[in-house]
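Input: a single structure, listed below in structure tokens.
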Protein chains: 2
Amino acid sequence: MKVIVIGGVAAGMSAASKLKRSMEDVTVSVYEKSSDVSYGACGMPYYLSDVIKKDDALVARTPEQFKERGIDVFTKHEVTDVDFKNKTVTVKNLTTKEHFNASYDKLLITTGASAIRLPVEGSDLPGIHVLSSLDDARALKDALTQKTIKTVSVIGAGYIGVEVAENLVEMGKNVQLIEMQDQVLPPYDSDMSAHVEKRLKGNGVDLHLNTTLKHYEGTHGVSKIVTDHGSFETDLVIEAIGVRPNTAFLKDSDLTMLKNGAIHVNNKQETSIPDVYSAGDCASVPHLLKDAPAYVPLGTHANKAGRVIAAQLSGEDAHFHGVVGSNVLKAFDLEVAKTGLSEKEAAHENYDYDVVNVKAANQAGYYPGATPIYMKIVFENKTCKLLGAQMVGKQGVSARINIMATAIQRGMTASEFSNLDLAYAPPFSPVWDPLQVATNQIKC
Amino acid sequence: MKVIVIGGVAAGMSAASKLKRSMEDVTVSVYEKSSDVSYGACGMPYYLSDVIKKDDALVARTPEQFKERGIDVFTKHEVTDVDFKNKTVTVKNLTTKEHFNASYDKLLITTGASAIRLPVEGSDLPGIHVLSSLDDARALKDALTQKTIKTVSVIGAGYIGVEVAENLVEMGKNVQLIEMQDQVLPPYDSDMSAHVEKRLKGNGVDLHLNTTLKHYEGTHGVSKIVTDHGSFETDLVIEAIGVRPNTAFLKDSDLTMLKNGAIHVNNKQETSIPDVYSAGDCASVPHLLKDAPAYVPLGTHANKAGRVIAAQLSGEDAHFHGVVGSNVLKAFDLEVAKTGLSEKEAAHENYDYDVVNVKAANQAGYYPGATPIYMKIVFENKTCKLLGAQMVGKQGVSARINIMATAIQRGMTASEFSNLDLAYAPPFSPVWDPLQVATNQIKC
């Protein structure tokens, strides 16, 4: 079987690796536009501030290591076109500029996503960066190292924006964080994201909510950002307003896509064209709590979905089990996590829901060092089914959110959750786990 | 409704509190033999070493606070007999030595458990302690504070024995830990408890496995322990070999009991006698992975089971959902946790099982400070159902075990677990959660 993989980061390389492990008679060719495969993109904010010192620490495996496993990896090779009918791809060698064709039995589109750029005046000025590929990260780190770069503006206060802001503070930069919406971390409810806003400000971040960027100004490079609420001097800009699937080269094909260009796949990762699979940041995911397929570009899903493709091709009975929107991030000394639906998401999905907001200690109150965890639980009124949880605290949040993530994925009610036999010892938890303290407040 | 509660620690007081909150027309009388109600017994090892400085920090609520809520709490009152036919109890006021009778509509037996004493020669010598009540803890702390007490022998290396040993090291004592079996923490498999043994020795604990205490020697107080593998000088002894339900006063009744004297209850906490309920360390619990009812004296179960009784009496539809044996403890810098069955427990229960042993980092390998977690997962061969997990590591174990605890209680397979959408960020987890790294190794 001849398999071509377009794009060699999380989904592509996990598929390729498992294919080679699972099948004897398979050739796998991976075409990757950039010079890197299989790297930990989620670590890039920490690479900027030298928390992670070297870029190669982020690289899980080099092209050479994949080649040793029998996978033909071509970096700096861009697939520019696919002929789905004749099952061939057109590849451009970005070094020699030569084009060639290659044929496949099965095609994997795992091209990932790229940072969305703001289409405003001045956006082509030097000094405006994004952070979606390892090459982006290298360029940005180089720029930030220059002593002249003192004030940095981050546009967008989502996960990446908040993580980058923290790392810039760590580097001693003056940080301006500009967010269009009235809160940071838009997937969270504002009563929960308020904890993070307080932390950002407390650490010196100049946070501007409800503020929309209008254009950039500068002569040799960007020196000013102009917003609907005033102008700000700046030495460098990092745009972090979201990502867009890398599927533009397929826009004239018959592939079914979501509005944003994500390739629609079923739970076998099959696209609307036979023998063509997709996974990762360029593809949709089924959401267990939403009617429509969702776009949730996270490495966890990419890795799982990549494996599903390989399992499918090698004849295993595997499928992607769907997502519930679990995520966690570090925001200075806070752990901030969410799984399932926020209140506004539940409202948007027309659930008949209610919420409880509960504060409980991360460990036995009498054990030194106990700190509060702020929790918000969303549940369905009629059934008492758990729909979502948001948690913020200094300790005991990051793994604990996954207890709730598991419960939600198994359709548990608040009462069932309250009755779970969870491990307890005073240094780690109160006798009722904080999440159970919260679900105990749900009466139905 | 007249409710009498015998024993006022975890199960009894959580039942009494919820009863008073849920019902209008109820009188609740609690008779407690000791001078304390509602205290955190699990914190007592840390109280010894002054990690927790004062005994009142362990007291969740005083008798006075319960009285303010309308609960009639009688401390230093021992129930010596129950007339189940006429629904009365005989109470002895331990201060005045007077006896009186009291009648009930519903009786709650929540007398807890007491430390088992070794019936050996010399066991009545001064200087031999146990640690099962707050009074025990006060007496022990007083004794340990004396400068003459330099070498302390702990008999039994279960949870309490290991926690006490750590706290004695913390106090600068020479610690001898004597265990009859060939491993510490007997519910764990020996390949997992070996990590704890290494830590104990590394912190100077003089650990003697396969060693059975024969008798004590001493003149004014214990000064030597004699075992089947030699004698050891000692200044003080702490016996921590387990607990026994406080049900001796009921031994001539018709109550169905387990062999060890634990009162057999169904999942409504009903005993074999109408209108008599039991919960906590004096009662059995249904085990979701074992055929026979189990004896698992832990505060988490006591609190939940106590609430079930109150819910039953106030007409709510509630039941105890069963246990899977979740537990966690701190052993110096290690977090040690278990849920479900160990390998030897699976064998004992005649499961057709297999295991995987996996080591994985607690967080992204490239993020500074990553440390390994050692995991052992037990699963059923035919179904691939998860039966148990044991974890040891410096970080990321205590809450993570409860992801697996939830999965096991929901009957999940290894493959379902591997496909869970779990929250991930580099400071907190690798892109595949360590537990998923482990379940990914399970092929079926």
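Identifiers in the structure tokens: chain A, B, ... in order shown; residue index from 1 per chain; ligand index from 1 in order shown.
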
DSSP-assigned helix (DSSP H, G or I) among segment 53-144 of chain B, expressed as a list in words: Asp55, Asp56, Ala57, Leu58, Pro63, Glu64, Gln65, Phe66, Lys67, Glu68, Leu134, Asp135, Asp136, Ala137, Arg138, Ala139, Leu140, Lys141, Asp142, Ala143 and Leu144 of chain B

Restrict the selected residues to N, CA, C and O atoms and save them as a JSON list (two decimals), in the first residue's frame.
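Heads up, here's the output in result.json:
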```json
[["chain", "number", "residue", "atom", "x", "y", "z"],
["B", 55, "ASP", "N", -4.08, 20.20, 68.09],
["B", 55, "ASP", "CA", -5.10, 19.18, 67.92],
["B", 55, "ASP", "C", -6.43, 19.77, 67.47],
["B", 55, "ASP", "O", -7.18, 19.14, 66.72],
["B", 56, "ASP", "N", -6.71, 21.02, 67.89],
["B", 56, "ASP", "CA", -8.02, 21.56, 67.51],
["B", 56, "ASP", "C", -8.10, 21.89, 66.02],
["B", 56, "ASP", "O", -9.19, 22.07, 65.48],
["B", 57, "ALA", "N", -6.95, 21.95, 65.35],
["B", 57, "ALA", "CA", -6.99, 22.14, 63.88],
["B", 57, "ALA", "C", -7.63, 20.94, 63.21],
["B", 57, "ALA", "O", -8.22, 21.05, 62.13],
["B", 58, "LEU", "N", -7.51, 19.77, 63.84],
["B", 58, "LEU", "CA", -8.07, 18.54, 63.25],
["B", 58, "LEU", "C", -9.57, 18.42, 63.48],
["B", 58, "LEU", "O", -10.23, 17.60, 62.85],
["B", 63, "PRO", "N", -18.48, 19.80, 69.63],
["B", 63, "PRO", "CA", -19.83, 19.43, 70.10],
["B", 63, "PRO", "C", -20.73, 20.66, 70.21],
["B", 63, "PRO", "O", -21.90, 20.60, 69.85],
["B", 64, "GLU", "N", -20.18, 21.79, 70.68],
["B", 64, "GLU", "CA", -20.98, 23.01, 70.84],
["B", 64, "GLU", "C", -21.54, 23.47, 69.50],
["B", 64, "GLU", "O", -22.68, 23.89, 69.39],
["B", 65, "GLN", "N", -20.70, 23.40, 68.45],
["B", 65, "GLN", "CA", -21.17, 23.84, 67.13],
["B", 65, "GLN", "C", -22.29, 22.94, 66.61],
["B", 65, "GLN", "O", -23.21, 23.41, 65.97],
["B", 66, "PHE", "N", -22.21, 21.65, 66.94],
["B", 66, "PHE", "CA", -23.30, 20.76, 66.53],
["B", 66, "PHE", "C", -24.56, 21.06, 67.34],
["B", 66, "PHE", "O", -25.66, 21.01, 66.82],
["B", 67, "LYS", "N", -24.37, 21.36, 68.62],
["B", 67, "LYS", "CA", -25.52, 21.68, 69.46],
["B", 67, "LYS", "C", -26.24, 22.91, 68.93],
["B", 67, "LYS", "O", -27.47, 22.97, 68.93],
["B", 68, "GLU", "N", -25.47, 23.90, 68.46],
["B", 68, "GLU", "CA", -26.08, 25.10, 67.88],
["B", 68, "GLU", "C", -26.94, 24.76, 66.66],
["B", 68, "GLU", "O", -27.87, 25.49, 66.33],
["B", 134, "LEU", "N", -8.24, 10.62, 68.44],
["B", 134, "LEU", "CA", -7.55, 11.87, 68.72],
["B", 134, "LEU", "C", -6.91, 11.82, 70.11],
["B", 134, "LEU", "O", -5.83, 12.39, 70.32],
["B", 135, "ASP", "N", -7.55, 11.11, 71.04],
["B", 135, "ASP", "CA", -6.93, 10.94, 72.36],
["B", 135, "ASP", "C", -5.63, 10.16, 72.25],
["B", 135, "ASP", "O", -4.63, 10.49, 72.91],
["B", 136, "ASP", "N", -5.62, 9.12, 71.40],
["B", 136, "ASP", "CA", -4.37, 8.39, 71.14],
["B", 136, "ASP", "C", -3.29, 9.36, 70.65],
["B", 136, "ASP", "O", -2.13, 9.30, 71.07],
["B", 137, "ALA", "N", -3.68, 10.22, 69.70],
["B", 137, "ALA", "CA", -2.71, 11.14, 69.09],
["B", 137, "ALA", "C", -2.15, 12.11, 70.11],
["B", 137, "ALA", "O", -0.94, 12.38, 70.14],
["B", 138, "ARG", "N", -3.01, 12.62, 71.00],
["B", 138, "ARG", "CA", -2.55, 13.56, 72.03],
["B", 138, "ARG", "C", -1.54, 12.87, 72.96],
["B", 138, "ARG", "O", -0.48, 13.42, 73.26],
["B", 139, "ALA", "N", -1.89, 11.66, 73.39],
["B", 139, "ALA", "CA", -1.01, 10.93, 74.31],
["B", 139, "ALA", "C", 0.33, 10.64, 73.63],
["B", 139, "ALA", "O", 1.40, 10.80, 74.24],
["B", 140, "LEU", "N", 0.27, 10.26, 72.37],
["B", 140, "LEU", "CA", 1.49, 9.91, 71.64],
["B", 140, "LEU", "C", 2.36, 11.14, 71.42],
["B", 140, "LEU", "O", 3.59, 11.09, 71.60],
["B", 141, "LYS", "N", 1.74, 12.25, 71.05],
["B", 141, "LYS", "CA", 2.53, 13.47, 70.83],
["B", 141, "LYS", "C", 3.20, 13.90, 72.12],
["B", 141, "LYS", "O", 4.38, 14.29, 72.12],
["B", 142, "ASP", "N", 2.47, 13.85, 73.24],
["B", 142, "ASP", "CA", 3.06, 14.17, 74.54],
["B", 142, "ASP", "C", 4.29, 13.32, 74.80],
["B", 142, "ASP", "O", 5.33, 13.82, 75.21],
["B", 143, "ALA", "N", 4.15, 12.02, 74.55],
["B", 143, "ALA", "CA", 5.26, 11.10, 74.83],
["B", 143, "ALA", "C", 6.46, 11.38, 73.92],
["B", 143, "ALA", "O", 7.60, 11.41, 74.38],
["B", 144, "LEU", "N", 6.19, 11.62, 72.64],
["B", 144, "LEU", "CA", 7.28, 11.82, 71.68],
["B", 144, "LEU", "C", 8.06, 13.10, 71.95],
["B", 144, "LEU", "O", 9.22, 13.23, 71.57]]
```

Within 6 Å of chain B: each chain A residue with its shortest pair, only C-alpha atoms, as CSV:
```
residue,atom,partner,partner_atom,distance
A:Ala57,CA,B:Tyr366,CA,5.6
A:Thr300,CA,B:Val431,CA,5.6
A:Val323,CA,B:Asp421,CA,5.5
A:Ser326,CA,B:Ala423,CA,4.6
A:Asn327,CA,B:Ala423,CA,4.1
A:Val328,CA,B:Ala423,CA,5.4
A:Leu329,CA,B:Ala425,CA,5.8
A:Tyr366,CA,B:Ala57,CA,5.6
A:Ala399,CA,B:Arg400,CA,5.4
A:Arg400,CA,B:Ala399,CA,5.4
A:Asn402,CA,B:Leu422,CA,5.5
A:Ile403,CA,B:Ile403,CA,4.4
A:Asp421,CA,B:Val323,CA,5.5
A:Leu422,CA,B:Asn402,CA,5.5
A:Ala423,CA,B:Asn327,CA,4.1
A:Tyr424,CA,B:Val328,CA,5.7
A:Ala425,CA,B:Leu329,CA,5.8
A:Val431,CA,B:Thr300,CA,5.6
```

All residues 12 Å or closer to segment 211-217 of chain B, only C-alpha atoms, same chain fewer than 5 positions away omitted, as a PyMOL selection string: chain B and resi 117-128+153-157+176-184+222-237+239+241

Just write the chosen residues, C-alpha atoms, as a JSON list (two decimals), in the first residue's frame.
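Saved as again_5.json:
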```
[["chain", "number", "residue", "atom", "x", "y", "z"],
["B", 117, "ARG", "CA", -3.40, -4.43, 69.80],
["B", 118, "LEU", "CA", -0.84, -7.18, 69.57],
["B", 119, "PRO", "CA", -1.68, -9.83, 72.18],
["B", 120, "VAL", "CA", 1.92, -10.48, 73.14],
["B", 121, "GLU", "CA", 3.81, -10.61, 76.38],
["B", 122, "GLY", "CA", 4.73, -7.16, 77.63],
["B", 123, "SER", "CA", 2.01, -5.42, 75.65],
["B", 124, "ASP", "CA", 0.80, -3.74, 78.85],
["B", 125, "LEU", "CA", 4.16, -2.01, 79.41],
["B", 126, "PRO", "CA", 4.07, 1.78, 79.39],
["B", 127, "GLY", "CA", 5.39, 3.33, 76.17],
["B", 128, "ILE", "CA", 3.37, 1.22, 73.73],
["B", 153, "SER", "CA", 9.68, 1.35, 66.76],
["B", 154, "VAL", "CA", 6.69, 1.31, 64.45],
["B", 155, "ILE", "CA", 5.04, -2.11, 64.18],
["B", 156, "GLY", "CA", 3.26, -2.48, 60.86],
["B", 157, "ALA", "CA", 4.07, -0.79, 57.54],
["B", 176, "GLN", "CA", 12.61, 1.17, 63.25],
["B", 177, "LEU", "CA", 9.80, -0.04, 61.03],
["B", 178, "ILE", "CA", 8.84, -3.68, 61.56],
["B", 179, "GLU", "CA", 6.64, -5.47, 59.03],
["B", 180, "MET", "CA", 5.58, -9.11, 59.11],
["B", 181, "GLN", "CA", 5.05, -9.35, 55.35],
["B", 182, "ASP", "CA", 7.72, -9.17, 52.67],
["B", 183, "GLN", "CA", 6.73, -5.66, 51.62],
["B", 184, "VAL", "CA", 5.40, -2.37, 52.94],
["B", 222, "VAL", "CA", 9.11, -0.84, 77.02],
["B", 223, "SER", "CA", 12.82, -0.87, 76.23],
["B", 224, "LYS", "CA", 13.20, -3.75, 73.80],
["B", 225, "ILE", "CA", 11.20, -5.43, 71.07],
["B", 226, "VAL", "CA", 11.89, -9.06, 70.44],
["B", 227, "THR", "CA", 11.15, -10.42, 66.96],
["B", 228, "ASP", "CA", 11.75, -13.65, 65.09],
["B", 229, "HIS", "CA", 14.76, -11.91, 63.53],
["B", 230, "GLY", "CA", 16.47, -10.47, 66.55],
["B", 231, "SER", "CA", 15.87, -7.93, 69.29],
["B", 232, "PHE", "CA", 15.94, -4.17, 69.01],
["B", 233, "GLU", "CA", 16.39, -1.56, 71.73],
["B", 234, "THR", "CA", 13.64, 1.01, 71.69],
["B", 235, "ASP", "CA", 12.37, 4.01, 73.68],
["B", 236, "LEU", "CA", 8.78, 3.89, 72.44],
["B", 237, "VAL", "CA", 6.57, 1.66, 70.33],
["B", 239, "GLU", "CA", 1.55, -0.37, 66.92],
["B", 241, "ILE", "CA", -1.17, -3.26, 62.44]]
```

From A:Pro45, A:Gly261, A:Gly221, A:Gly161, residue lying nearest Leu207 of chain A [only C-alpha atoms]: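 Using only C-alpha atoms, the shortest distance to Leu207 of chain A belongs to A:Gly161.
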
Spatial neighbours of segment 90-96 of chain B, max dist 12 Å, only C-alpha atoms, sep filter under 6 positions, as a VMD selection string: chain B and resid 4 to 7 29 to 35 74 to 84 102 to 104 249 to 250

For segment 378-381 of chain B: contacts at 7 Å, only C-alpha atoms, fewer than 2 positions along chain excluded, given as a list in words: Ser342, Glu343, Tyr351, Asp352, Tyr353, Asp354, Val355, Val356, Lys376, Thr383, Cys384, Lys385, Leu386, Leu387, Gly388 and Ala389 of chain B

Per-residue DSSP, segment 188-387 of chain B, filtered to strand (DSSP E or B), as a PyMOL selection string: chain B and resi 206-208+213-218+222-227+230-233+236-239+243-245+257+263+270+276-278+283+285+287+294+323+327-331+334-340+353-361+372-380+385-387
